[in-house]
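Novice: Sharing a structure, written as structure tokens. Questions coming.
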Amino acid sequence: MLVHTKDGNIAVRTNRGTHWDSGKHWSGGWDLFLTWKDLGRLYFADVDGDGKADMLVHTKDGNIAVRTNRGTHWDSGKHWSGGWDLFIDGTGLGVLWFGDATGDGKADMLVHTKDGRVAVRTNRNTYFDSGKVMITL
């Protein structure tokens with residue numbers, strides 16, 4: 001379980017089968033990412049395929065950076081994609097989701113536009129490709 005508190009701290013609580021442990025602090029300073037209204041939003045998905053959740057930082061200016069899970073913290077991150085400012089809150093062009101759509105164990109970017117299209121932008125290890133519309137709802 002990832003716990004993102006109002007004061008901006010993120011703790012990881014490990015699943016122990018019947019309960020989660022008390023957790024460990026992994027990162028701080030994320031108070032302006034609790035909602036999309038300030039600096040942006042955070043997502044958590046396994047981007048590199050190692051079975052551990054990485055942090056995706058989606059800033060209001062439309063950039064997406066991936067901060068890789070290092071076992072006790074996330075690294076400083078790398079830019080993966082840009083131009084997503086109108087997808088930050090769902091009121092612009094749509095919303096973004098992250099999950100493994102291709103079955104390779106690495107999270108892809110799913111783009112759900114307001115007109116009902118859902119496109120998959122495949123994870124290419126350092127960026128998401130230009131994508132393909134998979135369905136129109």
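In the structure tokens, chains take letters A, B, ... by order of appearance, with residues numbered from 1 within each chain and ligands from 1 in the order shown.
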DSSP on the backbone, then: every residue of range 4-78 of chain A marked strand (DSSP E), written as a list of chain:residue names.

Specialist: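 Written out, the strand (DSSP E) residues of range 4-78 of chain A are A:His4, A:Ile10, A:Ala11, A:Val12, A:Lys24, A:His25, A:Trp26, A:Ser27, A:Gly40, A:Arg41, A:Leu42, A:Tyr43, A:Phe44, A:Ala45, A:Asp54, A:Met55, A:Leu56, A:Val57, A:His58, A:Thr59, A:Ile64, A:Ala65, A:Val66, A:Arg67, A:Lys78.
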
Novice: Tell me, as a PyMOL selection string, which residues lie within 6 Å of Gly77 in chain A, counting only C-alpha atoms; anything in the same chain fewer than 6 positions away does not count.

Specialist: chain A and resi 65-67

Novice: One decimal, Å: what's the distance from CA of Phe44 in chain A over to CA of Leu56 in chain A, could you say?

Specialist: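 Spanning CA of Phe44 in chain A to CA of Leu56 in chain A is a straight-line distance of 6.0 Å.
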
Novice: Could you tell me how far CA of Ser81 in chain A sits from CA of His58 in chain A, in Å to one decimal place?

Specialist: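 Going from CA of His58 in chain A over to CA of Ser81 in chain A covers 9.3 Å.
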
Novice: Which residues are near Arg124 in chain A? Cut-off 10 Å, only C-alpha atoms, ignore same chain within fewer than 3 positions. Put them as an NGL selection string.

Specialist: :A and (47-48 or 80 or 106-108 or 121 or 127-129)

Novice: Would you mind exporting all heavy atoms of the selected residues as a short mmCIF file (atom, residue, chain, number, x, y, z; two decimals), in the first residue's frame?

Specialist:
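The resulting file, part-v6.cif, is shown below:
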```
data_model
loop_
_atom_site.label_atom_id
_atom_site.label_comp_id
_atom_site.auth_asym_id
_atom_site.auth_seq_id
_atom_site.Cartn_x
_atom_site.Cartn_y
_atom_site.Cartn_z
N VAL A 47 6.77 0.34 -14.24
CA VAL A 47 7.17 0.79 -15.58
C VAL A 47 8.33 -0.02 -16.13
O VAL A 47 8.41 -0.27 -17.33
CB VAL A 47 7.50 2.30 -15.55
CG1 VAL A 47 8.01 2.77 -16.89
CG2 VAL A 47 6.26 3.09 -15.16
N ASP A 48 9.23 -0.47 -15.26
CA ASP A 48 10.43 -1.17 -15.76
C ASP A 48 10.32 -2.69 -15.72
O ASP A 48 11.25 -3.39 -16.10
CB ASP A 48 11.68 -0.70 -15.03
CG ASP A 48 11.64 -0.95 -13.53
OD1 ASP A 48 10.65 -1.52 -13.04
OD2 ASP A 48 12.60 -0.55 -12.86
N TRP A 80 9.88 11.15 -19.66
CA TRP A 80 9.44 10.12 -20.61
C TRP A 80 8.53 10.67 -21.69
O TRP A 80 8.49 10.14 -22.79
CB TRP A 80 8.72 9.00 -19.89
CG TRP A 80 9.61 7.90 -19.40
CD1 TRP A 80 10.77 8.04 -18.70
CD2 TRP A 80 9.42 6.51 -19.57
NE1 TRP A 80 11.30 6.81 -18.41
CE2 TRP A 80 10.49 5.84 -18.94
CE3 TRP A 80 8.44 5.74 -20.17
CZ2 TRP A 80 10.61 4.46 -18.90
CZ3 TRP A 80 8.55 4.36 -20.15
CH2 TRP A 80 9.63 3.74 -19.52
N LYS A 106 5.36 -4.51 -18.17
CA LYS A 106 5.71 -3.10 -17.99
C LYS A 106 4.49 -2.23 -18.28
O LYS A 106 3.78 -2.45 -19.27
CB LYS A 106 6.86 -2.71 -18.93
CG LYS A 106 8.14 -3.48 -18.65
CD LYS A 106 9.25 -3.06 -19.56
CE LYS A 106 9.01 -3.62 -20.94
NZ LYS A 106 10.14 -3.40 -21.84
N ALA A 107 4.26 -1.24 -17.41
CA ALA A 107 3.10 -0.37 -17.56
C ALA A 107 3.19 0.46 -18.83
O ALA A 107 4.23 1.05 -19.13
CB ALA A 107 2.96 0.54 -16.34
N ASP A 108 2.09 0.50 -19.56
CA ASP A 108 1.94 1.34 -20.73
C ASP A 108 1.06 2.52 -20.35
O ASP A 108 0.42 2.52 -19.30
CB ASP A 108 1.25 0.53 -21.85
CG ASP A 108 1.99 -0.76 -22.16
OD1 ASP A 108 3.16 -0.66 -22.59
OD2 ASP A 108 1.42 -1.84 -21.95
N ARG A 121 -0.37 3.66 -25.54
CA ARG A 121 0.96 4.10 -25.92
C ARG A 121 1.92 3.14 -25.24
O ARG A 121 2.10 3.17 -24.03
CB ARG A 121 1.19 5.54 -25.49
CG ARG A 121 0.34 6.49 -26.30
CD ARG A 121 0.55 7.94 -25.86
NE ARG A 121 0.29 8.79 -26.98
CZ ARG A 121 1.19 9.56 -27.58
NH1 ARG A 121 2.41 9.65 -27.12
NH2 ARG A 121 0.87 10.30 -28.62
N TYR A 127 10.50 5.68 -23.00
CA TYR A 127 9.45 6.58 -23.48
C TYR A 127 8.22 5.73 -23.83
O TYR A 127 8.29 4.51 -23.90
CB TYR A 127 9.92 7.37 -24.71
CG TYR A 127 10.16 6.53 -25.94
CD1 TYR A 127 9.17 6.40 -26.92
CD2 TYR A 127 11.35 5.84 -26.11
CE1 TYR A 127 9.39 5.61 -28.04
CE2 TYR A 127 11.57 5.05 -27.24
CZ TYR A 127 10.59 4.94 -28.20
OH TYR A 127 10.78 4.16 -29.31
N PHE A 128 7.09 6.40 -24.04
CA PHE A 128 5.87 5.76 -24.53
C PHE A 128 5.76 6.10 -26.02
O PHE A 128 5.94 7.26 -26.40
CB PHE A 128 4.64 6.25 -23.77
CG PHE A 128 4.70 5.96 -22.30
CD1 PHE A 128 4.96 6.98 -21.39
CD2 PHE A 128 4.50 4.67 -21.82
CE1 PHE A 128 5.02 6.72 -20.03
CE2 PHE A 128 4.57 4.41 -20.45
CZ PHE A 128 4.83 5.43 -19.56
N ASP A 129 5.44 5.11 -26.85
CA ASP A 129 5.38 5.36 -28.29
C ASP A 129 4.17 6.23 -28.66
O ASP A 129 3.43 6.67 -27.79
CB ASP A 129 5.43 4.05 -29.09
CG ASP A 129 4.18 3.20 -29.00
OD1 ASP A 129 3.13 3.67 -28.51
OD2 ASP A 129 4.24 2.03 -29.42
#
```

Novice: Taking into account only C-alpha atoms, which residue in the set A:Met134, A:Val111, A:Met1, A:Val12 is nearest to Trp97 in chain A?

Specialist: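 The shortest atom-to-atom distance to Trp97 in chain A comes from A:Val111.
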
Novice: Which distance in Å separates CA of Gly62 in chain A and CA of Asp100 in chain A, to one decimal?

Specialist: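 These two atoms are separated by 21.7 Å.
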
Novice: Identify, with DSSP run on backbone atoms, the residues in chain A assigned to helix (DSSP H, G or I), and express the list as a PyMOL selection string.

Specialist: chain A and resi 31-33+85-87

Novice: Select, from A:Phe98, A:Trp84, A:Tyr43, A:Trp74, the residue with the minimum atom-to-atom distance to Gly28 in chain A, counting only C-alpha atoms.

Specialist: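 Checking each candidate against Gly28 in chain A, we get A:Trp74 as the closest.
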
Novice: If we count only C-alpha atoms and set the cut-off at 9 Å, which residues sit around Asp115 in chain A, ignoring sequence neighbours fewer than 2 positions away in its own chain? Please answer as a short mmCIF file (atom, residue, chain, number, x, y, z; two decimals) with N, CA, C and O atoms, in the first residue's frame.

Specialist:
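Okay, around-v8.cif is ready:
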```cif
data_model
loop_
_atom_site.label_atom_id
_atom_site.label_comp_id
_atom_site.auth_asym_id
_atom_site.auth_seq_id
_atom_site.Cartn_x
_atom_site.Cartn_y
_atom_site.Cartn_z
N LEU A 93 -8.88 17.41 -22.37
CA LEU A 93 -9.10 16.46 -23.46
C LEU A 93 -9.41 15.04 -23.00
O LEU A 93 -9.89 14.23 -23.78
N GLY A 94 -9.12 14.72 -21.75
CA GLY A 94 -9.37 13.37 -21.24
C GLY A 94 -8.53 13.07 -20.03
O GLY A 94 -8.11 13.99 -19.31
N HIS A 112 -7.40 8.05 -22.47
CA HIS A 112 -8.85 8.00 -22.63
C HIS A 112 -9.34 9.41 -22.92
O HIS A 112 -9.33 10.27 -22.04
N THR A 113 -9.71 9.65 -24.17
CA THR A 113 -10.14 10.98 -24.58
C THR A 113 -11.62 11.19 -24.31
O THR A 113 -12.39 10.23 -24.19
N ARG A 117 -12.45 7.58 -27.12
CA ARG A 117 -11.37 6.74 -27.62
C ARG A 117 -10.42 6.36 -26.49
O ARG A 117 -10.12 7.17 -25.64
N THR A 136 -13.29 2.54 -29.13
CA THR A 136 -14.06 3.76 -28.90
C THR A 136 -15.28 3.34 -28.09
O THR A 136 -16.03 2.46 -28.52
N LEU A 137 -15.44 3.95 -26.94
CA LEU A 137 -16.55 3.59 -26.04
C LEU A 137 -17.78 4.40 -26.36
O LEU A 137 -17.75 5.47 -26.84
#
```

Novice: Which polymer residues have any atom within 6 Å of an atom of Gly8 in chain A, counting only C-alpha atoms, with same-chain residues fewer than 3 positions away left out, as a PyMOL selection string?

Specialist: chain A and resi 5+28-31

Novice: Please provide as a PyMOL selection string all residues within 8 Å of Ala11 in chain A, with the sequence filter that same-chain residues fewer than 5 positions apart are discarded (counting only C-alpha atoms).

Specialist: chain A and resi 2-4+23-27

Novice: Quick one: of A:Ser22, A:Thr59, A:Ser130, A:Thr14, who's nearest to Leu34 in chain A, counting only C-alpha atoms?

Specialist: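 When distances to Leu34 in chain A are compared using only C-alpha atoms, the smallest one comes from A:Thr59.
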
Novice: Can you work out which one of A:Ile10, A:Ala101, A:Ala53, A:Leu39 has the shortest atom-to-atom distance to Asn69 in chain A, counting only C-alpha atoms?

Specialist: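 Nearest candidate to Asn69 in chain A out of A:Ile10, A:Ala101, A:Ala53, A:Leu39: A:Ala53.
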
Novice: Pick from A:Gly99, A:Lys132, A:Ala119, A:Thr126: nearest to His79 in chain A, with only C-alpha atoms counted?

Specialist: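 Between A:Gly99, A:Lys132, A:Ala119, A:Thr126, the residue approaching His79 in chain A most closely is A:Thr126.
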
Novice: Which one of A:Asp104, A:Lys114, A:Asp54, A:Leu42 sits closest to Asp75 in chain A if you count only C-alpha atoms?

Specialist: A:Asp54
